[in-house]
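Text of the file run_18.cif, holding mmCIF, C-alpha atoms; chains and numbers go by the auth columns:
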```cif
data_upload
loop_
_atom_site.group_PDB
_atom_site.id
_atom_site.type_symbol
_atom_site.label_atom_id
_atom_site.label_comp_id
_atom_site.label_asym_id
_atom_site.label_seq_id
_atom_site.Cartn_x
_atom_site.Cartn_y
_atom_site.Cartn_z
_atom_site.B_iso_or_equiv
_atom_site.auth_seq_id
_atom_site.auth_asym_id
ATOM 1 C CA GLU A 1 -13.596 47.029 -165.400 0.00 1 E
ATOM 2 C CA ILE A 2 -13.899 44.911 -168.475 0.00 2 E
ATOM 3 C CA VAL A 3 -14.152 41.158 -168.130 0.00 3 E
ATOM 4 C CA VAL A 4 -13.825 39.420 -171.463 0.00 4 E
ATOM 5 C CA ASP A 5 -13.924 35.789 -170.413 0.00 5 E
ATOM 6 C CA GLY A 6 -13.933 34.989 -166.742 0.00 6 E
ATOM 7 C CA LYS A 7 -15.475 31.525 -166.675 0.00 7 E
ATOM 8 C CA GLY A 8 -13.737 29.324 -164.147 0.00 8 E
ATOM 9 C CA ARG A 9 -11.782 32.182 -162.604 0.00 9 E
ATOM 10 C CA PRO A 10 -12.086 33.241 -158.960 0.00 10 E
ATOM 11 C CA GLY A 11 -15.118 35.490 -158.514 0.00 11 E
ATOM 12 C CA ALA A 12 -16.516 34.850 -162.009 0.00 12 E
ATOM 13 C CA GLU A 13 -19.749 33.373 -160.698 0.00 13 E
ATOM 14 C CA ALA A 14 -20.290 36.284 -158.295 0.00 14 E
ATOM 15 C CA VAL A 15 -19.744 38.752 -161.149 0.00 15 E
ATOM 16 C CA GLU A 16 -22.184 36.849 -163.359 0.00 16 E
ATOM 17 C CA GLU A 17 -24.883 36.930 -160.657 0.00 17 E
ATOM 18 C CA ALA A 18 -24.383 40.568 -159.610 0.00 18 E
ATOM 19 C CA THR A 19 -27.362 42.637 -160.668 0.00 19 E
ATOM 20 C CA TRP A 20 -25.550 45.943 -160.062 0.00 20 E
ATOM 21 C CA ILE A 21 -22.940 45.274 -162.753 0.00 21 E
ATOM 22 C CA GLU A 22 -23.804 46.774 -166.113 0.00 22 E
ATOM 23 C CA ARG A 23 -22.947 44.520 -169.029 0.00 23 E
ATOM 24 C CA VAL A 24 -22.208 46.209 -172.333 0.00 24 E
ATOM 25 C CA THR A 25 -20.669 45.239 -175.636 0.00 25 E
ATOM 26 C CA VAL A 26 -18.081 47.680 -176.876 0.00 26 E
ATOM 27 C CA GLU A 27 -19.115 48.695 -180.383 0.00 27 E
ATOM 28 C CA PRO A 28 -17.332 49.258 -182.624 0.00 28 E
ATOM 29 C CA PRO A 29 -14.416 47.160 -181.402 0.00 29 E
ATOM 30 C CA PRO A 30 -11.385 49.171 -180.300 0.00 30 E
ATOM 31 C CA ASP A 31 -8.516 49.998 -182.612 0.00 31 E
ATOM 32 C CA PRO A 32 -6.727 46.747 -183.606 0.00 32 E
ATOM 33 C CA LEU A 33 -3.367 48.343 -182.785 0.00 33 E
ATOM 34 C CA LEU A 34 -4.599 49.022 -179.251 0.00 34 E
ATOM 35 C CA VAL A 35 -5.757 45.389 -178.939 0.00 35 E
ATOM 36 C CA SER A 36 -2.430 44.039 -180.188 0.00 36 E
ATOM 37 C CA THR A 37 -0.499 46.277 -177.800 0.00 37 E
ATOM 38 C CA LEU A 38 -2.568 45.812 -174.644 0.00 38 E
ATOM 39 C CA GLY A 39 -4.949 42.934 -175.086 0.00 39 E
ATOM 40 C CA ARG A 40 -8.675 42.868 -175.682 0.00 40 E
ATOM 41 C CA GLY A 41 -9.822 43.513 -172.106 0.00 41 E
ATOM 42 C CA GLU A 42 -7.709 46.615 -171.585 0.00 42 E
ATOM 43 C CA ALA A 43 -8.477 47.909 -175.093 0.00 43 E
ATOM 44 C CA ASP A 44 -12.236 47.470 -174.556 0.00 44 E
ATOM 45 C CA ALA A 45 -12.031 49.184 -171.170 0.00 45 E
ATOM 46 C CA ILE A 46 -10.202 52.179 -172.633 0.00 46 E
ATOM 47 C CA ALA A 47 -12.593 52.416 -175.596 0.00 47 E
ATOM 48 C CA LEU A 48 -15.630 52.334 -173.312 0.00 48 E
ATOM 49 C CA ALA A 49 -14.171 54.931 -170.930 0.00 49 E
ATOM 50 C CA VAL A 50 -13.424 57.230 -173.872 0.00 50 E
ATOM 51 C CA ARG A 51 -16.976 56.915 -175.201 0.00 51 E
ATOM 52 C CA ARG A 52 -18.525 57.515 -171.785 0.00 52 E
ATOM 53 C CA HIS A 53 -16.023 60.160 -170.601 0.00 53 E
ATOM 54 C CA ALA A 54 -15.557 57.988 -167.534 0.00 54 E
ATOM 55 C CA CYS A 55 -12.828 57.307 -165.011 0.00 55 E
ATOM 56 C CA LEU A 56 -11.104 54.053 -165.934 0.00 56 E
ATOM 57 C CA LEU A 57 -10.418 51.311 -163.400 0.00 57 E
ATOM 58 C CA ILE A 58 -7.300 49.563 -164.679 0.00 58 E
ATOM 59 C CA ASP A 59 -4.274 48.055 -162.970 0.00 59 E
ATOM 60 C CA GLU A 60 -2.095 46.949 -165.861 0.00 60 E
ATOM 61 C CA ARG A 61 0.793 49.442 -166.160 0.00 61 E
ATOM 62 C CA ALA A 62 0.931 49.781 -169.962 0.00 62 E
ATOM 63 C CA GLY A 63 -2.851 50.168 -170.109 0.00 63 E
ATOM 64 C CA ARG A 64 -2.809 52.881 -167.441 0.00 64 E
ATOM 65 C CA ARG A 65 -0.120 54.823 -169.291 0.00 65 E
ATOM 66 C CA THR A 66 -1.898 54.484 -172.632 0.00 66 E
ATOM 67 C CA ALA A 67 -5.197 55.614 -171.110 0.00 67 E
ATOM 68 C CA ARG A 68 -3.618 58.638 -169.416 0.00 68 E
ATOM 69 C CA VAL A 69 -1.165 59.800 -172.058 0.00 69 E
ATOM 70 C CA ILE A 70 -2.877 58.978 -175.342 0.00 70 E
ATOM 71 C CA TYR A 71 -6.557 59.153 -174.397 0.00 71 E
ATOM 72 C CA ARG A 72 -6.275 61.694 -171.550 0.00 72 E
ATOM 73 C CA LEU A 73 -8.440 59.552 -169.266 0.00 73 E
ATOM 74 C CA HIS A 74 -8.556 59.753 -165.502 0.00 74 E
ATOM 75 C CA VAL A 75 -7.446 56.331 -164.256 0.00 75 E
ATOM 76 C CA ARG A 76 -7.639 54.607 -160.928 0.00 76 E
ATOM 77 C CA GLY A 77 -6.367 51.199 -159.893 0.00 77 E
ATOM 78 C CA SER A 78 -7.755 48.673 -157.460 0.00 78 E
ATOM 79 C CA VAL A 79 -5.600 49.995 -154.613 0.00 79 E
ATOM 80 C CA GLY A 80 -6.684 53.595 -155.209 0.00 80 E
ATOM 81 C CA THR A 81 -10.304 52.499 -155.374 0.00 81 E
ATOM 82 C CA LEU A 82 -10.003 50.756 -151.999 0.00 82 E
ATOM 83 C CA VAL A 83 -8.360 53.861 -150.493 0.00 83 E
ATOM 84 C CA LEU A 84 -11.237 55.986 -151.795 0.00 84 E
ATOM 85 C CA ALA A 85 -13.813 53.527 -150.436 0.00 85 E
ATOM 86 C CA LYS A 86 -12.159 53.650 -146.999 0.00 86 E
ATOM 87 C CA ARG A 87 -12.077 57.468 -147.020 0.00 87 E
ATOM 88 C CA ARG A 88 -15.790 57.487 -147.819 0.00 88 E
ATOM 89 C CA ASN A 89 -16.465 55.019 -144.983 0.00 89 E
ATOM 90 C CA LEU A 90 -17.755 52.384 -147.385 0.00 90 E
ATOM 91 C CA ILE A 91 -15.377 49.770 -145.970 0.00 91 E
ATOM 92 C CA PRO A 92 -13.884 49.583 -142.469 0.00 92 E
ATOM 93 C CA ARG A 93 -10.272 48.632 -143.389 0.00 93 E
ATOM 94 C CA ILE A 94 -8.235 48.109 -146.526 0.00 94 E
ATOM 95 C CA ARG A 95 -5.215 46.201 -145.212 0.00 95 E
ATOM 96 C CA PRO A 96 -7.027 42.835 -144.981 0.00 96 E
ATOM 97 C CA LEU A 97 -8.397 43.299 -148.490 0.00 97 E
ATOM 98 C CA LEU A 98 -4.993 44.204 -149.935 0.00 98 E
ATOM 99 C CA GLU A 99 -3.312 41.290 -148.168 0.00 99 E
ATOM 100 C CA ASP A 100 -6.008 38.951 -149.474 0.00 100 E
ATOM 101 C CA LEU A 101 -5.395 40.210 -153.024 0.00 101 E
ATOM 102 C CA GLN A 102 -1.683 39.622 -152.495 0.00 102 E
ATOM 103 C CA ARG A 103 -2.293 36.056 -151.239 0.00 103 E
ATOM 104 C CA GLN A 104 -4.366 35.346 -154.335 0.00 104 E
ATOM 105 C CA GLY A 105 -1.450 36.244 -156.610 0.00 105 E
ATOM 106 C CA TYR A 106 -2.106 39.923 -157.257 0.00 106 E
ATOM 107 C CA PHE A 107 1.275 41.660 -157.216 0.00 107 E
ATOM 108 C CA LEU A 108 1.337 44.223 -154.422 0.00 108 E
ATOM 109 C CA SER A 109 4.578 45.105 -152.683 0.00 109 E
ATOM 110 C CA ARG A 110 4.656 45.501 -148.908 0.00 110 E
ATOM 111 C CA ALA A 111 5.664 49.154 -149.480 0.00 111 E
ATOM 112 C CA LEU A 112 2.577 49.766 -151.648 0.00 112 E
ATOM 113 C CA ILE A 113 0.275 48.137 -149.090 0.00 113 E
ATOM 114 C CA ASP A 114 1.803 50.201 -146.276 0.00 114 E
ATOM 115 C CA ALA A 115 1.567 53.442 -148.304 0.00 115 E
ATOM 116 C CA ALA A 116 -2.055 52.774 -149.238 0.00 116 E
ATOM 117 C CA CYS A 117 -2.949 52.079 -145.618 0.00 117 E
ATOM 118 C CA ARG A 118 -1.286 55.315 -144.499 0.00 118 E
ATOM 119 C CA GLU A 119 -3.157 57.207 -147.204 0.00 119 E
ATOM 120 C CA ALA A 120 -6.402 55.618 -146.028 0.00 120 E
ATOM 121 C CA GLY A 121 -5.708 56.583 -142.415 0.00 121 E
ATOM 122 C CA GLU A 122 -4.895 53.109 -141.094 0.00 122 E
#
```

Hey, can you dump this file as structure tokens for me?
Amino acid sequence: EIVVDGKGRPGAEAVEEATWIERVTVEPPPDPLLVSTLGRGEADAIALAVRRHACLLIDERAGRRTARVIYRLHVRGSVGTLVLAKRRNLIPRIRPLLEDLQRQGYFLSRALIDAACREAGE
């Protein structure tokens, strides 16, 4: 996931200190039309995924559609990533994590949380 400017935001310090996170500058910058439509973070993420032929972690709806339809990228959101982590036994449960995201202002409907938990075998 691309983080353009996270200073002062929840988790920013942990991201800054994490040695396992690869930091790259997207060069050349993405198409200006893409930036004006989606925003710099989403545009950079799509551009980097295209260059690396990588799966794209993105939650923003317009960005997901653009990545899938225009750039033919495989996309996954935060919820899908947590489901996959649970299936691979990397985390014990996803419900507490999803509910914590929801409490912190991340929009997740009760129906989505319940569906994700069913999919993860909870």

Separation of atom CA of E:Leu57 from atom CA of E:Leu38, in Å and rounded to one decimal: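 Between atom CA of E:Leu57 and atom CA of E:Leu38 the gap is 14.8 Å.
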
Go through the shown structure with the PyMOL selection byres ((chain E and resi 98) around 12) and write out the matching residues as an MDAnalysis selection string. chainID E and resid 78:83 93:97 99:117

Up to 7 Å from (-10.3, 59.5, -169.2) in the file's coordinates: name the residues, counting only C-alpha atoms, as a list in words. Ala49, Val50, His53, Ala54, Cys55, Leu56, Ala67, Arg68, Tyr71, Arg72, Leu73, His74 and Val75 of chain E

Could you tell me how far atom CA of E:Arg52 sits from atom CA of E:Lys7, in Å to one decimal place?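 Distance reported for this atom pair: 26.7 Å.
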
Compare E:Gly41, E:Pro28, E:Pro10, E:Gly121 by their minimum atom-to-atom distance to E:Ala85, counting all atoms listed in the file, and give me the closest one.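 That would be E:Gly121, the residue with the smallest distance to E:Ala85.
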
Residues within 9 Å of E:Ala47, only C-alpha atoms, excluding chain neighbours under 3 positions, as a PyMOL selection string: chain E and resi 26-27+29-31+42-44+50-52

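Restricting the calculation to all atoms listed in the file, the smallest distance between E:Leu90 and any of E:Glu60, E:Ala120, E:Arg9, E:Glu17 is found for E:Ala120.
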
Atom-to-atom span, atom CA of E:Ile46 and atom CA of E:Glu22, Å: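 Here the two named atoms are 16.0 Å from each other.
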
Return as AutoDock Vina command-line options the box centre and box size in Å, one decimal, for an axis-aligned box around all listed atoms of stretch 67-70 of chain E padded by 3 Å per side.
```
--center_x -3.2 --center_y 57.7 --center_z -172.4 --size_x 10.0 --size_y 10.2 --size_z 11.9
```

For a quick check of understanding, using only C-alpha atoms, which of E:Arg87, E:Glu13, E:Gly8, E:Ala45 has the smallest distance to E:Thr25?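 Using only C-alpha atoms, E:Thr25 sits closest to E:Ala45.
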